[in-house]
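To start, the structure itself, in structure tokens.
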Amino acid sequence: MKRLAAAFALLICLVSAAKAEYPDRPIRLVVPFPPGGVTDIVARMLGERLTAELGQQVIVDSKAGGGGVIAGDFVAKAPPDGHTLLLTTPNHTINAAFRATLPYNTEKDLRAVSNVGQVPMLLVTHPSLPVTTFQGFVDYARRNPGKINVSTAGTGTLPHITMELLMLKEKFQVINVPYRGAAPALADLMAGQVQAKFDNQAQSAQFIADRKLNLLAVTSARRLEAFPDVPTIAEQLPGFAGYLWMGIVAPAATPDGVVEKLAGIIQRFVVRPETRARFDKEGIEPVGSTSGDFAALIAREIAEWRGLARATNIKIE
């Protein structure tokens, strides 16, 4: 009997030791966009840090297409052992709200790990548009419904959905013009083919400095250090915010211990001086949230986007 008890105790110890050995092979970090963008930059920076702290190679794997659905489906159906992760963005919540069907359940098949960082958007306009303030933009759009063309990186992207939300709340009408990516959307704004765009600091800062674009407002909760005289939209519309966040999610049944370990590494990663310096260059605000806080953000966004989908009848195919 004593031998049986001793064997059972040894088995428990061996099982516990095996569980503590995560990771025991390379980790795949899936990115839902092509290489070269800000999400890819964050993925590669984080991948290097995870590799250093976990002792296993982290492979960044781009699975672009479908507005993030292809990558989300791949990770949702992966083994829930922490060896397959997804660095996702607000497309994660937008898809859940605006797509009639998905090959996975965003809320049930994936769990939050940590929000790594976020990029606020800048409302920029071509100088030919006769406005220089956010209120002036709203007033002009109300007086001239449908006469402002706003370029976006595509239907269902965060800038598109954020502008739709702003139109609903401020009761004006502009035309969202979808492009195949942010670069051509910005190029046509610079050329005056469209009049406005939600852009990011890394892309627009020099054009703003050269007065080739006017900066009317920012979507952050507080004014940006780089533009202290530019108001937030929230100063006029309390609670309004729009961030391109970049966060890690994992298959739903991933063990708590693995999630907590990864979240801890991310929290240490975002406060490193090297990370802060690169994030500042790219206009990224470091976050490093807990799993619970990130899950709450995802839930809030899905609820808000579903309300917007009902109010506007927008559908994303």
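In the structure tokens, chains take the letters A, B, ... in the order shown, each chain's residues start at 1, and ligands count up from 1 in the order shown.
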
Distance query Asn95 (chain A) at most 9 Å, only C-alpha atoms, self and fewer than 3 positions along chain excluded, as a PDB file with all heavy atoms, in the first residue's frame:
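File produced: result_14.pdb:
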```pdb
ATOM      1  N   GLY A  67      -9.321  39.844 -43.822  1.00  0.00           N
ATOM      2  CA  GLY A  67      -9.508  40.803 -42.737  1.00  0.00           C
ATOM      3  C   GLY A  67      -9.164  40.245 -41.375  1.00  0.00           C
ATOM      4  O   GLY A  67      -9.716  40.665 -40.365  1.00  0.00           O
ATOM      5  N   GLY A  68      -8.234  39.302 -41.328  1.00  0.00           N
ATOM      6  CA  GLY A  68      -7.833  38.696 -40.069  1.00  0.00           C
ATOM      7  C   GLY A  68      -8.504  37.371 -39.769  1.00  0.00           C
ATOM      8  O   GLY A  68      -8.136  36.680 -38.818  1.00  0.00           O
ATOM      9  N   VAL A  69      -9.495  36.988 -40.575  1.00  0.00           N
ATOM     10  CA  VAL A  69     -10.254  35.758 -40.311  1.00  0.00           C
ATOM     11  C   VAL A  69      -9.394  34.510 -40.502  1.00  0.00           C
ATOM     12  O   VAL A  69      -9.484  33.554 -39.727  1.00  0.00           O
ATOM     13  CB  VAL A  69     -11.509  35.692 -41.202  1.00  0.00           C
ATOM     14  CG1 VAL A  69     -12.238  34.360 -41.021  1.00  0.00           C
ATOM     15  CG2 VAL A  69     -12.447  36.842 -40.872  1.00  0.00           C
ATOM     16  N   PRO A  90      -7.934  45.401 -33.589  1.00  0.00           N
ATOM     17  CA  PRO A  90      -9.393  45.550 -33.537  1.00  0.00           C
ATOM     18  C   PRO A  90     -10.176  44.812 -34.613  1.00  0.00           C
ATOM     19  O   PRO A  90     -11.400  44.675 -34.482  1.00  0.00           O
ATOM     20  CB  PRO A  90      -9.582  47.067 -33.656  1.00  0.00           C
ATOM     21  CG  PRO A  90      -8.362  47.630 -33.014  1.00  0.00           C
ATOM     22  CD  PRO A  90      -7.258  46.720 -33.454  1.00  0.00           C
ATOM     23  N   ASN A  91      -9.512  44.325 -35.663  1.00  0.00           N
ATOM     24  CA  ASN A  91     -10.217  43.464 -36.616  1.00  0.00           C
ATOM     25  C   ASN A  91     -10.835  42.270 -35.901  1.00  0.00           C
ATOM     26  O   ASN A  91     -11.854  41.733 -36.327  1.00  0.00           O
ATOM     27  CB  ASN A  91      -9.255  42.961 -37.697  1.00  0.00           C
ATOM     28  CG  ASN A  91      -8.930  44.035 -38.712  1.00  0.00           C
ATOM     29  OD1 ASN A  91      -8.151  44.928 -38.422  1.00  0.00           O
ATOM     30  ND2 ASN A  91      -9.527  43.964 -39.888  1.00  0.00           N
ATOM     31  N   HIS A  92     -10.208  41.877 -34.818  1.00  0.00           N
ATOM     32  CA  HIS A  92     -10.677  40.760 -33.994  1.00  0.00           C
ATOM     33  C   HIS A  92     -12.102  41.019 -33.499  1.00  0.00           C
ATOM     34  O   HIS A  92     -12.968  40.133 -33.554  1.00  0.00           O
ATOM     35  CB  HIS A  92      -9.703  40.621 -32.819  1.00  0.00           C
ATOM     36  CG  HIS A  92      -9.950  39.466 -31.915  1.00  0.00           C
ATOM     37  ND1 HIS A  92      -9.711  38.166 -32.274  1.00  0.00           N
ATOM     38  CD2 HIS A  92     -10.397  39.412 -30.635  1.00  0.00           C
ATOM     39  CE1 HIS A  92     -10.002  37.361 -31.269  1.00  0.00           C
ATOM     40  NE2 HIS A  92     -10.429  38.091 -30.264  1.00  0.00           N
ATOM     41  N   PHE A  98     -19.494  42.531 -37.188  1.00  0.00           N
ATOM     42  CA  PHE A  98     -20.015  42.932 -38.496  1.00  0.00           C
ATOM     43  C   PHE A  98     -20.099  41.796 -39.513  1.00  0.00           C
ATOM     44  O   PHE A  98     -20.732  41.973 -40.558  1.00  0.00           O
ATOM     45  CB  PHE A  98     -19.151  44.048 -39.087  1.00  0.00           C
ATOM     46  CG  PHE A  98     -19.346  45.379 -38.411  1.00  0.00           C
ATOM     47  CD1 PHE A  98     -18.530  45.756 -37.358  1.00  0.00           C
ATOM     48  CD2 PHE A  98     -20.352  46.244 -38.818  1.00  0.00           C
ATOM     49  CE1 PHE A  98     -18.699  46.980 -36.725  1.00  0.00           C
ATOM     50  CE2 PHE A  98     -20.530  47.466 -38.192  1.00  0.00           C
ATOM     51  CZ  PHE A  98     -19.705  47.836 -37.142  1.00  0.00           C
ATOM     52  N   ARG A  99     -19.493  40.667 -39.254  1.00  0.00           N
ATOM     53  CA  ARG A  99     -19.568  39.556 -40.204  1.00  0.00           C
ATOM     54  C   ARG A  99     -20.730  38.643 -39.816  1.00  0.00           C
ATOM     55  O   ARG A  99     -20.874  38.280 -38.639  1.00  0.00           O
ATOM     56  CB  ARG A  99     -18.257  38.773 -40.236  1.00  0.00           C
ATOM     57  CG  ARG A  99     -17.129  39.548 -40.889  1.00  0.00           C
ATOM     58  CD  ARG A  99     -15.862  38.720 -40.983  1.00  0.00           C
ATOM     59  NE  ARG A  99     -14.776  39.496 -41.570  1.00  0.00           N
ATOM     60  CZ  ARG A  99     -14.472  39.524 -42.865  1.00  0.00           C
ATOM     61  NH1 ARG A  99     -15.189  38.797 -43.715  1.00  0.00           N
ATOM     62  NH2 ARG A  99     -13.468  40.252 -43.322  1.00  0.00           N
ATOM     63  N   ALA A 100     -21.503  38.263 -40.800  1.00  0.00           N
ATOM     64  CA  ALA A 100     -22.664  37.407 -40.540  1.00  0.00           C
ATOM     65  C   ALA A 100     -22.237  36.048 -40.016  1.00  0.00           C
ATOM     66  O   ALA A 100     -22.887  35.462 -39.148  1.00  0.00           O
ATOM     67  CB  ALA A 100     -23.494  37.252 -41.811  1.00  0.00           C
ATOM     68  N   THR A 101     -21.136  35.531 -40.548  1.00  0.00           N
ATOM     69  CA  THR A 101     -20.633  34.224 -40.097  1.00  0.00           C
ATOM     70  C   THR A 101     -19.115  34.267 -40.008  1.00  0.00           C
ATOM     71  O   THR A 101     -18.452  34.997 -40.751  1.00  0.00           O
ATOM     72  CB  THR A 101     -21.035  33.100 -41.073  1.00  0.00           C
ATOM     73  OG1 THR A 101     -20.493  33.378 -42.372  1.00  0.00           O
ATOM     74  CG2 THR A 101     -22.544  32.964 -41.166  1.00  0.00           C
ATOM     75  N   LEU A 102     -18.596  33.478 -39.091  1.00  0.00           N
ATOM     76  CA  LEU A 102     -17.160  33.262 -38.946  1.00  0.00           C
ATOM     77  C   LEU A 102     -16.927  31.770 -38.767  1.00  0.00           C
ATOM     78  O   LEU A 102     -17.788  31.067 -38.210  1.00  0.00           O
ATOM     79  CB  LEU A 102     -16.611  34.003 -37.727  1.00  0.00           C
ATOM     80  CG  LEU A 102     -16.417  35.520 -37.815  1.00  0.00           C
ATOM     81  CD1 LEU A 102     -16.042  36.087 -36.449  1.00  0.00           C
ATOM     82  CD2 LEU A 102     -15.348  35.879 -38.838  1.00  0.00           C
ATOM     83  N   THR A 106     -15.422  34.012 -31.825  1.00  0.00           N
ATOM     84  CA  THR A 106     -14.417  34.906 -31.245  1.00  0.00           C
ATOM     85  C   THR A 106     -14.431  34.869 -29.728  1.00  0.00           C
ATOM     86  O   THR A 106     -13.375  34.846 -29.080  1.00  0.00           O
ATOM     87  CB  THR A 106     -14.658  36.350 -31.725  1.00  0.00           C
ATOM     88  OG1 THR A 106     -14.636  36.375 -33.156  1.00  0.00           O
ATOM     89  CG2 THR A 106     -13.604  37.294 -31.197  1.00  0.00           C
ATOM     90  N   GLY A 156     -14.338  47.798 -43.271  1.00  0.00           N
ATOM     91  CA  GLY A 156     -14.197  46.968 -42.086  1.00  0.00           C
ATOM     92  C   GLY A 156     -12.920  47.198 -41.311  1.00  0.00           C
ATOM     93  O   GLY A 156     -12.722  46.598 -40.248  1.00  0.00           O
ATOM     94  N   ILE A 302     -16.648  44.525 -28.732  1.00  0.00           N
ATOM     95  CA  ILE A 302     -17.615  43.708 -29.470  1.00  0.00           C
ATOM     96  C   ILE A 302     -19.026  44.229 -29.235  1.00  0.00           C
ATOM     97  O   ILE A 302     -19.829  44.360 -30.174  1.00  0.00           O
ATOM     98  CB  ILE A 302     -17.499  42.221 -29.074  1.00  0.00           C
ATOM     99  CG1 ILE A 302     -16.181  41.638 -29.615  1.00  0.00           C
ATOM    100  CG2 ILE A 302     -18.688  41.418 -29.617  1.00  0.00           C
ATOM    101  CD1 ILE A 302     -15.920  40.199 -29.183  1.00  0.00           C
ATOM    102  N   ILE A 316     -19.927  43.230 -43.360  1.00  0.00           N
ATOM    103  CA  ILE A 316     -18.614  42.983 -43.954  1.00  0.00           C
ATOM    104  C   ILE A 316     -18.592  41.557 -44.479  1.00  0.00           C
ATOM    105  O   ILE A 316     -18.897  40.617 -43.745  1.00  0.00           O
ATOM    106  CB  ILE A 316     -17.483  43.194 -42.925  1.00  0.00           C
ATOM    107  CG1 ILE A 316     -17.520  44.629 -42.399  1.00  0.00           C
ATOM    108  CG2 ILE A 316     -16.124  42.885 -43.552  1.00  0.00           C
ATOM    109  CD1 ILE A 316     -16.583  44.879 -41.242  1.00  0.00           C
TER     110      ILE A 316
END
```

Excluding Asp61 (chain A) and its own-chain neighbours fewer than 4 positions away, which residues fall within 8 Å of it when counting only C-alpha atoms? Please give them as number ranges by chain.
A: 28-31

Here is a test: counting only C-alpha atoms, which residue of A:Leu54, A:Met121, A:Asp81, A:Asn115 is nearest to Ser204 (chain A)?
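The shortest atom-to-atom distance to Ser204 (chain A) comes from A:Met121.
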
Tell me which of A:Leu46, A:Ile161, A:Ala185, A:Val271 sits closest to Leu244 (chain A), counting only C-alpha atoms.
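Among the listed residues, A:Ile161 lies closest to Leu244 (chain A).
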
Residue nearest Ile298 (chain A) among A:Ile233, A:Val177, A:Ile41, A:Val113 (counting only C-alpha atoms)
A:Val113

Report, in Å with one decimal, the straight-line distance from CA of Val230 (chain A) to CA of Ile175 (chain A).
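So the answer is 24.4 Å.
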
Give one line per residue of region 125-181 of chain A that approaches region 211-228 of chain A to at most 9 Å, naming the two atoms of the closest pair and their distance in Å to one decimal, counting only C-alpha atoms; sort by chain then ascending residue number and deliver it as a tab-separated table.
```
residue	atom	partner	partner_atom	distance
A:Thr125	CA	A:Asn214	CA	5.2
A:His126	CA	A:Leu213	CA	5.2
A:Pro127	CA	A:Leu213	CA	6.0
A:Val131	CA	A:Leu216	CA	8.6
A:Thr132	CA	A:Leu216	CA	6.3
A:Thr133	CA	A:Leu216	CA	4.9
A:Phe134	CA	A:Leu216	CA	5.0
A:Gln135	CA	A:Leu216	CA	8.7
A:Gly136	CA	A:Leu216	CA	9.0
A:Phe137	CA	A:Leu216	CA	8.1
```

Provide the CA of Lys197 (chain A) to CA of Gly181 (chain A) distance in Å, to one decimal place.
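Interatomic distance here is 12.6 Å.
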
Could you pull out all residues of region 13-96 of chain A with a DSSP call of helix (DSSP H, G or I) and give them as an MDAnalysis selection string?
chainID A and resid 13:19 38:54 66:76 91:96

Expected answer as a PyMOL selection string: strand (DSSP E) residues in region 102-296 of chain A:
chain A and resi 110-120+122-125+149-152+175-178+196-199+214-218+243-251+285-286

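The closest residue to Glu48 (chain A), picked from A:Ile284, A:Ala96, A:Ala64, A:Ile27 and counting only C-alpha atoms, is A:Ile27.
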
With a distance cut-off of 10 Å and only C-alpha atoms, select the neighbouring residues of Arg310 (chain A), excluding the residue or stretch itself and same-chain residues fewer than 4 positions from it, and output the selection as an MDAnalysis selection string.
chainID A and resid 97:98 305:306 314:315

Grab the CA of Glu21 (chain A) to CA of Ser62 (chain A) distance for me, in Å with one decimal place.
26.9 Å

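Of the residues under consideration (A:Leu50, A:Leu129, A:Ala191, A:Met246), A:Met246 shows the shortest atom-to-atom contact distance to Gly117 (chain A) when counting only C-alpha atoms.
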
Would you please work out which residue, of A:Ala187, A:Val75, A:Val138, A:Ala43, is nearest to Val174 (chain A) when using only C-alpha atoms?
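Under the stated criterion, the closest residue is A:Val138.
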
Near Ala153 (chain A), counting only C-alpha atoms, which residues have an atom at most 9 Å away, once you skip same-chain residues fewer than 5 positions from it, shown as a list in words?
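With the cut-off at 9 Å, the set is Leu158, Pro159, His160, Val177, Pro178, Tyr179, Arg180, Gly181, Ala182, Ala183, Pro184, Ala185 and Leu186 of chain A.
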
Can you tell me, as a ChimeraX atom specification, what residues are no more than 10 Å from Phe74 (chain A) when counting only C-alpha atoms, ignoring any on the same chain fewer than 5 positions away?
/A:30,63,69,84-86,103-104,251

Next, dump the selected residues to file, keeping only C-alpha atoms, as an mmCIF file, in the first residue's frame.
```cif
data_model
loop_
_atom_site.group_PDB
_atom_site.id
_atom_site.type_symbol
_atom_site.label_atom_id
_atom_site.label_comp_id
_atom_site.auth_asym_id
_atom_site.auth_seq_id
_atom_site.Cartn_x
_atom_site.Cartn_y
_atom_site.Cartn_z
ATOM 1 C CA VAL A 30 0.670 34.300 -36.079
ATOM 2 C CA LYS A 63 -1.254 34.593 -42.414
ATOM 3 C CA VAL A 69 -10.254 35.758 -40.311
ATOM 4 C CA THR A 84 0.383 28.828 -31.165
ATOM 5 C CA LEU A 85 -0.469 32.470 -30.465
ATOM 6 C CA LEU A 86 -2.116 35.288 -32.406
ATOM 7 C CA PRO A 103 -15.500 29.824 -39.007
ATOM 8 C CA TYR A 104 -14.856 30.211 -35.265
ATOM 9 C CA PRO A 251 -6.830 29.099 -28.067
#
```
